[in-house]
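Student: Pasting run_19.cif below, which is mmCIF, C-alpha atoms.
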data_data
loop_
_atom_site.group_PDB
_atom_site.id
_atom_site.type_symbol
_atom_site.label_atom_id
_atom_site.label_comp_id
_atom_site.auth_asym_id
_atom_site.auth_seq_id
_atom_site.Cartn_x
_atom_site.Cartn_y
_atom_site.Cartn_z
ATOM 1 C CA MET A 1 108.855 166.741 116.254
ATOM 2 C CA ASP A 2 112.213 168.510 116.397
ATOM 3 C CA GLU A 3 115.178 167.991 114.066
ATOM 4 C CA ASN A 4 116.999 165.745 116.547
ATOM 5 C CA GLU A 5 113.993 163.422 116.850
ATOM 6 C CA VAL A 6 113.726 163.220 113.060
ATOM 7 C CA GLU A 7 117.435 162.334 112.766
ATOM 8 C CA GLN A 8 117.157 159.692 115.489
ATOM 9 C CA GLY A 9 114.059 158.250 113.814
ATOM 10 C CA LEU A 10 115.966 158.003 110.533
ATOM 11 C CA ILE A 11 118.910 156.258 112.239
ATOM 12 C CA LEU A 12 116.555 153.679 113.776
ATOM 13 C CA HIS A 13 114.691 153.279 110.481
ATOM 14 C CA ASN A 14 117.941 152.600 108.605
ATOM 15 C CA TYR A 15 119.187 150.266 111.339
ATOM 16 C CA ILE A 16 116.075 148.094 110.940
ATOM 17 C CA GLY A 17 115.613 148.741 107.218
ATOM 18 C CA CYS A 18 118.949 147.302 106.170
ATOM 19 C CA LEU A 19 117.600 143.880 107.184
ATOM 20 C CA ASN A 20 115.367 144.080 104.117
ATOM 21 C CA LEU A 21 118.428 144.814 101.986
ATOM 22 C CA LEU A 22 120.027 141.653 103.334
ATOM 23 C CA LYS A 23 116.922 139.532 102.801
ATOM 24 C CA ASN A 24 116.522 140.874 99.265
ATOM 25 C CA SER A 25 120.188 140.186 98.503
ATOM 26 C CA ILE A 26 119.802 136.473 99.272
ATOM 27 C CA GLU A 27 116.272 135.979 97.988
ATOM 28 C CA GLY A 28 115.970 132.976 95.714
ATOM 29 C CA LEU A 29 119.419 131.586 96.439
ATOM 30 C CA ARG A 30 119.741 127.823 96.720
ATOM 31 C CA ASP A 31 121.682 126.459 99.665
ATOM 32 C CA SER A 32 124.556 125.406 97.402
ATOM 33 C CA GLU A 33 124.834 128.959 96.009
ATOM 34 C CA LEU A 34 125.580 130.263 99.489
ATOM 35 C CA ASP A 35 128.963 128.547 99.300
ATOM 36 C CA PHE A 36 130.421 130.391 96.315
ATOM 37 C CA SER A 37 133.283 132.846 96.686
ATOM 38 C CA ARG A 38 135.544 134.614 94.194
ATOM 39 C CA ASP A 39 138.603 132.765 95.430
ATOM 40 C CA GLN A 40 139.770 130.513 98.209
ATOM 41 C CA ASP A 41 140.639 133.404 100.548
ATOM 42 C CA ASP A 42 137.292 135.220 100.253
ATOM 43 C CA TRP A 43 134.258 134.535 102.378
ATOM 44 C CA THR A 44 131.207 132.828 100.941
ATOM 45 C CA ILE A 45 127.734 134.312 101.192
ATOM 46 C CA ARG A 46 127.002 131.857 104.009
ATOM 47 C CA GLU A 47 130.062 133.010 105.953
ATOM 48 C CA ILE A 48 129.231 136.673 105.373
ATOM 49 C CA ILE A 49 125.747 136.181 106.823
ATOM 50 C CA HIS A 50 127.060 134.482 109.968
ATOM 51 C CA HIS A 51 129.713 137.186 110.361
ATOM 52 C CA MET A 52 127.068 139.934 110.196
ATOM 53 C CA ALA A 53 124.830 138.225 112.754
ATOM 54 C CA ASP A 54 127.642 137.510 115.192
ATOM 55 C CA GLY A 55 129.077 141.016 114.845
ATOM 56 C CA ASP A 56 125.693 142.554 115.463
ATOM 57 C CA HIS A 57 125.209 140.364 118.519
ATOM 58 C CA ILE A 58 128.596 141.413 119.910
ATOM 59 C CA TRP A 59 128.001 145.155 119.370
ATOM 60 C CA LYS A 60 124.561 144.950 120.987
ATOM 61 C CA THR A 61 126.460 144.515 124.265
ATOM 62 C CA CYS A 62 128.114 147.884 123.653
ATOM 63 C CA ILE A 63 124.722 149.510 123.203
ATOM 64 C CA GLN A 64 123.364 147.936 126.372
ATOM 65 C CA ARG A 65 126.455 148.962 128.334
ATOM 66 C CA ALA A 66 126.070 152.549 127.134
ATOM 67 C CA LEU A 67 122.442 152.518 128.244
ATOM 68 C CA GLY A 68 123.409 151.201 131.658
ATOM 69 C CA THR A 69 126.650 152.984 132.343
ATOM 70 C CA GLY A 70 129.244 154.401 130.036
ATOM 71 C CA GLU A 71 131.546 154.573 133.029
ATOM 72 C CA TYR A 72 133.874 151.755 131.991
ATOM 73 C CA PRO A 73 135.479 151.377 128.552
ATOM 74 C CA PHE A 74 133.924 148.841 126.224
ATOM 75 C CA HIS A 75 136.445 146.583 124.582
ATOM 76 C CA LEU A 76 136.527 143.438 122.532
ATOM 77 C CA LYS A 77 140.018 142.290 123.448
ATOM 78 C CA TRP A 78 138.872 138.678 123.504
ATOM 79 C CA TYR A 79 137.517 139.032 119.954
ATOM 80 C CA TRP A 80 140.406 141.036 118.561
ATOM 81 C CA GLU A 81 142.904 138.435 119.812
ATOM 82 C CA SER A 82 142.116 136.454 116.658
ATOM 83 C CA ASP A 83 141.330 137.653 113.176
ATOM 84 C CA GLN A 84 137.844 137.289 111.769
ATOM 85 C CA VAL A 85 138.840 134.375 109.544
ATOM 86 C CA GLN A 86 139.850 132.430 112.652
ATOM 87 C CA TRP A 87 136.504 133.189 114.343
ATOM 88 C CA SER A 88 134.777 132.058 111.162
ATOM 89 C CA ARG A 89 136.552 128.709 111.434
ATOM 90 C CA LEU A 90 136.007 128.371 115.189
ATOM 91 C CA TRP A 91 132.305 129.201 114.930
ATOM 92 C CA LYS A 92 131.844 126.932 111.877
ATOM 93 C CA TYR A 93 130.482 129.575 109.508
ATOM 94 C CA SER A 94 131.026 127.394 106.452
ATOM 95 C CA SER A 95 128.796 124.548 107.628
ATOM 96 C CA ARG A 96 125.944 126.268 109.456
ATOM 97 C CA ASP A 97 122.486 127.026 108.117
ATOM 98 C CA ILE A 98 121.811 130.733 107.646
ATOM 99 C CA GLU A 99 118.256 130.791 108.983
ATOM 100 C CA THR A 100 119.208 130.999 112.647
ATOM 101 C CA SER A 101 121.742 133.757 112.002
ATOM 102 C CA ILE A 102 119.196 135.788 110.057
ATOM 103 C CA ALA A 103 116.653 135.237 112.848
ATOM 104 C CA LEU A 104 119.253 136.309 115.442
ATOM 105 C CA LEU A 105 120.109 139.421 113.460
ATOM 106 C CA GLU A 106 116.449 140.344 113.121
ATOM 107 C CA ALA A 107 115.662 139.614 116.786
ATOM 108 C CA ASN A 108 118.685 141.615 118.004
ATOM 109 C CA ARG A 109 117.771 144.601 115.865
ATOM 110 C CA ASN A 110 114.099 144.580 116.829
ATOM 111 C CA HIS A 111 114.952 144.102 120.511
ATOM 112 C CA THR A 112 117.507 146.913 120.433
ATOM 113 C CA VAL A 113 115.151 149.349 118.714
ATOM 114 C CA GLU A 114 112.364 148.554 121.170
ATOM 115 C CA ILE A 115 114.670 149.335 124.087
ATOM 116 C CA LEU A 116 116.015 152.512 122.480
ATOM 117 C CA ARG A 117 112.531 153.841 121.735
ATOM 118 C CA LYS A 118 111.551 153.453 125.392
ATOM 119 C CA ILE A 119 114.479 155.472 126.742
ATOM 120 C CA PRO A 120 114.389 159.229 126.080
ATOM 121 C CA GLY A 121 117.637 160.490 124.571
ATOM 122 C CA SER A 122 118.980 156.952 124.216
ATOM 123 C CA LEU A 123 120.857 157.554 120.967
ATOM 124 C CA SER A 124 122.852 160.332 122.621
ATOM 125 C CA LYS A 125 124.135 158.169 125.473
ATOM 126 C CA THR A 126 127.881 157.628 125.214
ATOM 127 C CA ILE A 127 130.508 155.024 125.940
ATOM 128 C CA ASN A 128 134.275 154.880 125.524
ATOM 129 C CA ILE A 129 135.400 152.149 123.166
ATOM 130 C CA GLU A 130 138.863 150.782 123.740
ATOM 131 C CA TRP A 131 140.129 149.697 120.328
ATOM 132 C CA SER A 132 142.620 146.897 119.714
ATOM 133 C CA SER A 133 145.368 149.544 119.473
ATOM 134 C CA GLY A 134 144.607 150.590 123.059
ATOM 135 C CA ASP A 135 143.259 153.960 121.913
ATOM 136 C CA GLN A 136 139.936 155.029 123.370
ATOM 137 C CA GLN A 137 137.159 156.810 121.529
ATOM 138 C CA GLU A 138 134.003 158.229 123.044
ATOM 139 C CA VAL A 139 131.018 157.411 120.841
ATOM 140 C CA ASN A 140 127.295 157.665 121.222
ATOM 141 C CA ILE A 141 124.747 154.953 120.530
ATOM 142 C CA ALA A 142 123.748 156.646 117.276
ATOM 143 C CA TRP A 143 127.336 156.159 116.056
ATOM 144 C CA VAL A 144 127.230 152.435 116.935
ATOM 145 C CA LEU A 145 123.895 152.026 115.133
ATOM 146 C CA GLU A 146 125.193 153.801 112.043
ATOM 147 C CA MET A 147 128.371 151.683 112.086
ATOM 148 C CA GLN A 148 126.317 148.492 112.276
ATOM 149 C CA THR A 149 123.973 149.717 109.549
ATOM 150 C CA SER A 150 126.957 150.413 107.281
ATOM 151 C CA HIS A 151 128.335 146.991 108.123
ATOM 152 C CA ILE A 152 125.186 145.274 106.843
ATOM 153 C CA GLU A 153 124.967 147.569 103.809
ATOM 154 C CA GLY A 154 128.598 146.888 102.864
ATOM 155 C CA HIS A 155 128.295 143.134 103.160
ATOM 156 C CA THR A 156 124.953 143.170 101.350
ATOM 157 C CA GLU A 157 126.688 144.889 98.439
ATOM 158 C CA GLU A 158 129.388 142.198 98.617
ATOM 159 C CA ILE A 159 126.661 139.531 98.333
ATOM 160 C CA ARG A 160 125.138 141.316 95.323
ATOM 161 C CA THR A 161 128.559 141.443 93.678
ATOM 162 C CA LEU A 162 129.025 137.709 94.241
ATOM 163 C CA ARG A 163 125.599 136.987 92.779
ATOM 164 C CA GLU A 164 126.437 139.028 89.699
ATOM 165 C CA ALA A 165 129.820 137.325 89.315
ATOM 166 C CA PHE A 166 128.251 133.872 89.382
ATOM 167 C CA ASN A 167 125.029 134.925 87.616
ATOM 168 C CA PHE A 168 122.598 133.731 90.274
#
Please, can you express the file's structure as structure tokens?
Tutor:
Amino acid sequence: MDENEVEQGLILHNYIGCLNLLKNSIEGLRDSELDFSRDQDDWTIREIIHHMADGDHIWKTCIQRALGTGEYPFHLKWYWESDQVQWSRLWKYSSRDIETSIALLEANRNHTVEILRKIPGSLSKTINIEWSSGDQQEVNIAWVLEMQTSHIEGHTEEIRTLREAFNF
């Protein structure tokens, strides 16, 4: 196994592995505890979980596009038209059960990894992302996976901080 294969294996391992961090961060929480936040403007644990699942679902499209053709820029203009708080309200994050979002997150990750493992050199495939500013950036699938891994890790830490603040 060469160095590149080891690095790609680690990226995939971390991409899947951060699901355990999430599950551990919410283990033992009662449904009512999912609705705590530090203040009125912060997201609750419930809202954070839905945000992670929906974000992951959206970025999976980028990965699939890169695997098919990186010929056209990937953009999320429709999503960036509103801020994330607005999407949270529109998609009813505060009143939904978390189980389906966790299942979606897990299914998306497992599905993505299965596809990527079947395609030689998949993590090196590239796509141009058109950001909300209009700037374009060429990225490879490994970059998208690492971004999404960091996203889960960051929000998992946020959940741990909330649990510590409320002692649950």
Student: Find the distance between CA of Glu5 (chain A) and CA of Thr69 (chain A) and write it in Å to one decimal.
Tutor: 22.6 Å
Student: Per residue of region 26-122 of chain A within 8 Å of region 144-165 of chain A, what are the shortest atom pair and its distance in Å to one decimal, counting all atoms listed in the file, with rows by chain and residue number, as a Markdown table?
Tutor:
| residue | atom | partner | partner_atom | distance |
| --- | --- | --- | --- | --- |
| A:Ile26 | CA | A:Ile159 | CA | 7.6 |
| A:Phe36 | CA | A:Leu162 | CA | 7.7 |
| A:Ser37 | CA | A:Leu162 | CA | 6.9 |
| A:Arg38 | CA | A:Leu162 | CA | 7.2 |
| A:Ile45 | CA | A:Ile159 | CA | 6.0 |
| A:Ile48 | CA | A:His155 | CA | 6.9 |
| A:Met52 | CA | A:Ile152 | CA | 6.6 |
| A:Asp56 | CA | A:Gln148 | CA | 6.8 |
| A:Trp59 | CA | A:Val144 | CA | 7.7 |
| A:Ile63 | CA | A:Val144 | CA | 7.4 |
Student: Interatomic distance between CA of Gln136 (chain A) and CA of Cys62 (chain A)?
Tutor: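 Calculated distance between CA of Gln136 (chain A) and CA of Cys62 (chain A) is 13.8 Å.
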Student: One number please: CA of Asp35 (chain A) to CA of Ile49 (chain A), in Å, one decimal.
Tutor: 11.2 Å
Student: Counting only C-alpha atoms, which residue out of A:Ile11, A:Ile102, A:Ala53, A:Val6 sits closest to Trp143 (chain A)?
Tutor: A:Ile11
Student: Suppose a student applies the PyMOL selection byres ((chain A and resi 131) around 9) to this structure; what residues should they get, written as a PyMOL selection string?
Tutor: chain A and resi 74-77+80+129-130+132-137
Student: Under the rule that only C-alpha atoms are counted, which of A:Tyr79, A:Ser25, A:His50, A:His13 is the nearest residue to Glu99 (chain A)?
Tutor: A:His50
Student: Hey, what comes out of the PyMOL selection byres ((chain A and resi 64) around 12) on this file? Could you write it as a PDB file with C-alpha atoms, in the frame of the given file?
Tutor:
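Output (result.pdb):
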ATOM      1  CA  HIS A  57     125.209 140.364 118.519  1.00  0.00           C
ATOM      2  CA  ILE A  58     128.596 141.413 119.910  1.00  0.00           C
ATOM      3  CA  TRP A  59     128.001 145.155 119.370  1.00  0.00           C
ATOM      4  CA  LYS A  60     124.561 144.950 120.987  1.00  0.00           C
ATOM      5  CA  THR A  61     126.460 144.515 124.265  1.00  0.00           C
ATOM      6  CA  CYS A  62     128.114 147.884 123.653  1.00  0.00           C
ATOM      7  CA  ILE A  63     124.722 149.510 123.203  1.00  0.00           C
ATOM      8  CA  ARG A  65     126.455 148.962 128.334  1.00  0.00           C
ATOM      9  CA  ALA A  66     126.070 152.549 127.134  1.00  0.00           C
ATOM     10  CA  LEU A  67     122.442 152.518 128.244  1.00  0.00           C
ATOM     11  CA  GLY A  68     123.409 151.201 131.658  1.00  0.00           C
ATOM     12  CA  THR A  69     126.650 152.984 132.343  1.00  0.00           C
ATOM     13  CA  GLY A  70     129.244 154.401 130.036  1.00  0.00           C
ATOM     14  CA  PHE A  74     133.924 148.841 126.224  1.00  0.00           C
ATOM     15  CA  ASN A 108     118.685 141.615 118.004  1.00  0.00           C
ATOM     16  CA  HIS A 111     114.952 144.102 120.511  1.00  0.00           C
ATOM     17  CA  THR A 112     117.507 146.913 120.433  1.00  0.00           C
ATOM     18  CA  VAL A 113     115.151 149.349 118.714  1.00  0.00           C
ATOM     19  CA  ILE A 115     114.670 149.335 124.087  1.00  0.00           C
ATOM     20  CA  LEU A 116     116.015 152.512 122.480  1.00  0.00           C
ATOM     21  CA  ILE A 119     114.479 155.472 126.742  1.00  0.00           C
ATOM     22  CA  SER A 122     118.980 156.952 124.216  1.00  0.00           C
ATOM     23  CA  LEU A 123     120.857 157.554 120.967  1.00  0.00           C
ATOM     24  CA  LYS A 125     124.135 158.169 125.473  1.00  0.00           C
ATOM     25  CA  THR A 126     127.881 157.628 125.214  1.00  0.00           C
ATOM     26  CA  ILE A 127     130.508 155.024 125.940  1.00  0.00           C
ATOM     27  CA  ASN A 140     127.295 157.665 121.222  1.00  0.00           C
ATOM     28  CA  ILE A 141     124.747 154.953 120.530  1.00  0.00           C
ATOM     29  CA  VAL A 144     127.230 152.435 116.935  1.00  0.00           C
ATOM     30  CA  LEU A 145     123.895 152.026 115.133  1.00  0.00           C
TER      31      LEU A 145
END
Student: With only C-alpha atoms as the basis for distance, which of A:Ser101, A:Ser124, A:Tyr72, A:Arg96 is at the shortest distance from Asp54 (chain A)?
Tutor: A:Ser101
Student: Out of A:Leu19, A:Glu138, A:Ser88, A:Gly28, which residue has the shortest atom-to-atom distance to Leu104 (chain A) when counting only C-alpha atoms?
Tutor: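 With only C-alpha atoms as the atom set, the closest residue is A:Leu19.
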Student: Let me make sure I understand: among A:Asn4, A:Trp91, A:Asn167, A:Leu105, which one has the smallest atom-to-atom distance to Cys18 (chain A) if we use all atoms listed in the file?
Tutor: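 Between A:Asn4, A:Trp91, A:Asn167, A:Leu105, the residue approaching Cys18 (chain A) most closely is A:Leu105.
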Student: Which one of A:Ser82, A:Asn110, A:Arg46, A:Gln8 sits closest to Glu33 (chain A) if you count all atoms listed in the file?
Tutor: A:Arg46
Student: May I ask you to restore N, CA, C and O atoms in region 92-105 of chain A and write the result as a PDB file, in the coordinates of the input?
Tutor:
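Done, and the output landed in rebuild.pdb:
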ATOM      1  N   LYS A  92     132.370 127.815 112.933  1.00  0.00           N
ATOM      2  CA  LYS A  92     131.844 126.932 111.877  1.00  0.00           C
ATOM      3  C   LYS A  92     130.911 127.631 110.887  1.00  0.00           C
ATOM      4  O   LYS A  92     129.870 127.106 110.508  1.00  0.00           O
ATOM      5  N   TYR A  93     131.297 128.822 110.469  1.00  0.00           N
ATOM      6  CA  TYR A  93     130.482 129.575 109.508  1.00  0.00           C
ATOM      7  C   TYR A  93     130.204 128.794 108.231  1.00  0.00           C
ATOM      8  O   TYR A  93     129.131 128.902 107.656  1.00  0.00           O
ATOM      9  N   SER A  94     131.165 128.035 107.756  1.00  0.00           N
ATOM     10  CA  SER A  94     131.026 127.394 106.452  1.00  0.00           C
ATOM     11  C   SER A  94     130.039 126.233 106.444  1.00  0.00           C
ATOM     12  O   SER A  94     129.584 125.823 105.364  1.00  0.00           O
ATOM     13  N   SER A  95     129.664 125.723 107.610  1.00  0.00           N
ATOM     14  CA  SER A  95     128.796 124.548 107.628  1.00  0.00           C
ATOM     15  C   SER A  95     127.447 124.780 108.307  1.00  0.00           C
ATOM     16  O   SER A  95     126.644 123.856 108.399  1.00  0.00           O
ATOM     17  N   ARG A  96     127.190 125.999 108.743  1.00  0.00           N
ATOM     18  CA  ARG A  96     125.944 126.268 109.456  1.00  0.00           C
ATOM     19  C   ARG A  96     124.860 126.782 108.504  1.00  0.00           C
ATOM     20  O   ARG A  96     125.145 127.437 107.513  1.00  0.00           O
ATOM     21  N   ASP A  97     123.622 126.473 108.854  1.00  0.00           N
ATOM     22  CA  ASP A  97     122.486 127.026 108.117  1.00  0.00           C
ATOM     23  C   ASP A  97     122.378 128.512 108.422  1.00  0.00           C
ATOM     24  O   ASP A  97     122.712 128.954 109.519  1.00  0.00           O
ATOM     25  N   ILE A  98     121.888 129.282 107.470  1.00  0.00           N
ATOM     26  CA  ILE A  98     121.811 130.733 107.646  1.00  0.00           C
ATOM     27  C   ILE A  98     120.550 131.186 108.372  1.00  0.00           C
ATOM     28  O   ILE A  98     120.506 132.301 108.876  1.00  0.00           O
ATOM     29  N   GLU A  99     119.540 130.353 108.435  1.00  0.00           N
ATOM     30  CA  GLU A  99     118.256 130.791 108.983  1.00  0.00           C
ATOM     31  C   GLU A  99     118.366 131.289 110.416  1.00  0.00           C
ATOM     32  O   GLU A  99     117.763 132.300 110.768  1.00  0.00           O
ATOM     33  N   THR A 100     119.116 130.574 111.247  1.00  0.00           N
ATOM     34  CA  THR A 100     119.208 130.999 112.647  1.00  0.00           C
ATOM     35  C   THR A 100     119.991 132.304 112.777  1.00  0.00           C
ATOM     36  O   THR A 100     119.664 133.134 113.634  1.00  0.00           O
ATOM     37  N   SER A 101     120.995 132.502 111.939  1.00  0.00           N
ATOM     38  CA  SER A 101     121.742 133.757 112.002  1.00  0.00           C
ATOM     39  C   SER A 101     120.896 134.932 111.528  1.00  0.00           C
ATOM     40  O   SER A 101     120.967 136.016 112.105  1.00  0.00           O
ATOM     41  N   ILE A 102     120.092 134.721 110.510  1.00  0.00           N
ATOM     42  CA  ILE A 102     119.196 135.788 110.057  1.00  0.00           C
ATOM     43  C   ILE A 102     118.158 136.091 111.129  1.00  0.00           C
ATOM     44  O   ILE A 102     117.854 137.247 111.412  1.00  0.00           O
ATOM     45  N   ALA A 103     117.629 135.042 111.767  1.00  0.00           N
ATOM     46  CA  ALA A 103     116.653 135.237 112.848  1.00  0.00           C
ATOM     47  C   ALA A 103     117.296 135.971 114.024  1.00  0.00           C
ATOM     48  O   ALA A 103     116.668 136.853 114.627  1.00  0.00           O
ATOM     49  N   LEU A 104     118.552 135.622 114.362  1.00  0.00           N
ATOM     50  CA  LEU A 104     119.253 136.309 115.442  1.00  0.00           C
ATOM     51  C   LEU A 104     119.457 137.783 115.106  1.00  0.00           C
ATOM     52  O   LEU A 104     119.217 138.662 115.942  1.00  0.00           O
ATOM     53  N   LEU A 105     119.895 138.043 113.907  1.00  0.00           N
ATOM     54  CA  LEU A 105     120.109 139.421 113.460  1.00  0.00           C
ATOM     55  C   LEU A 105     118.816 140.224 113.560  1.00  0.00           C
ATOM     56  O   LEU A 105     118.797 141.332 114.103  1.00  0.00           O
TER      57      LEU A 105
END
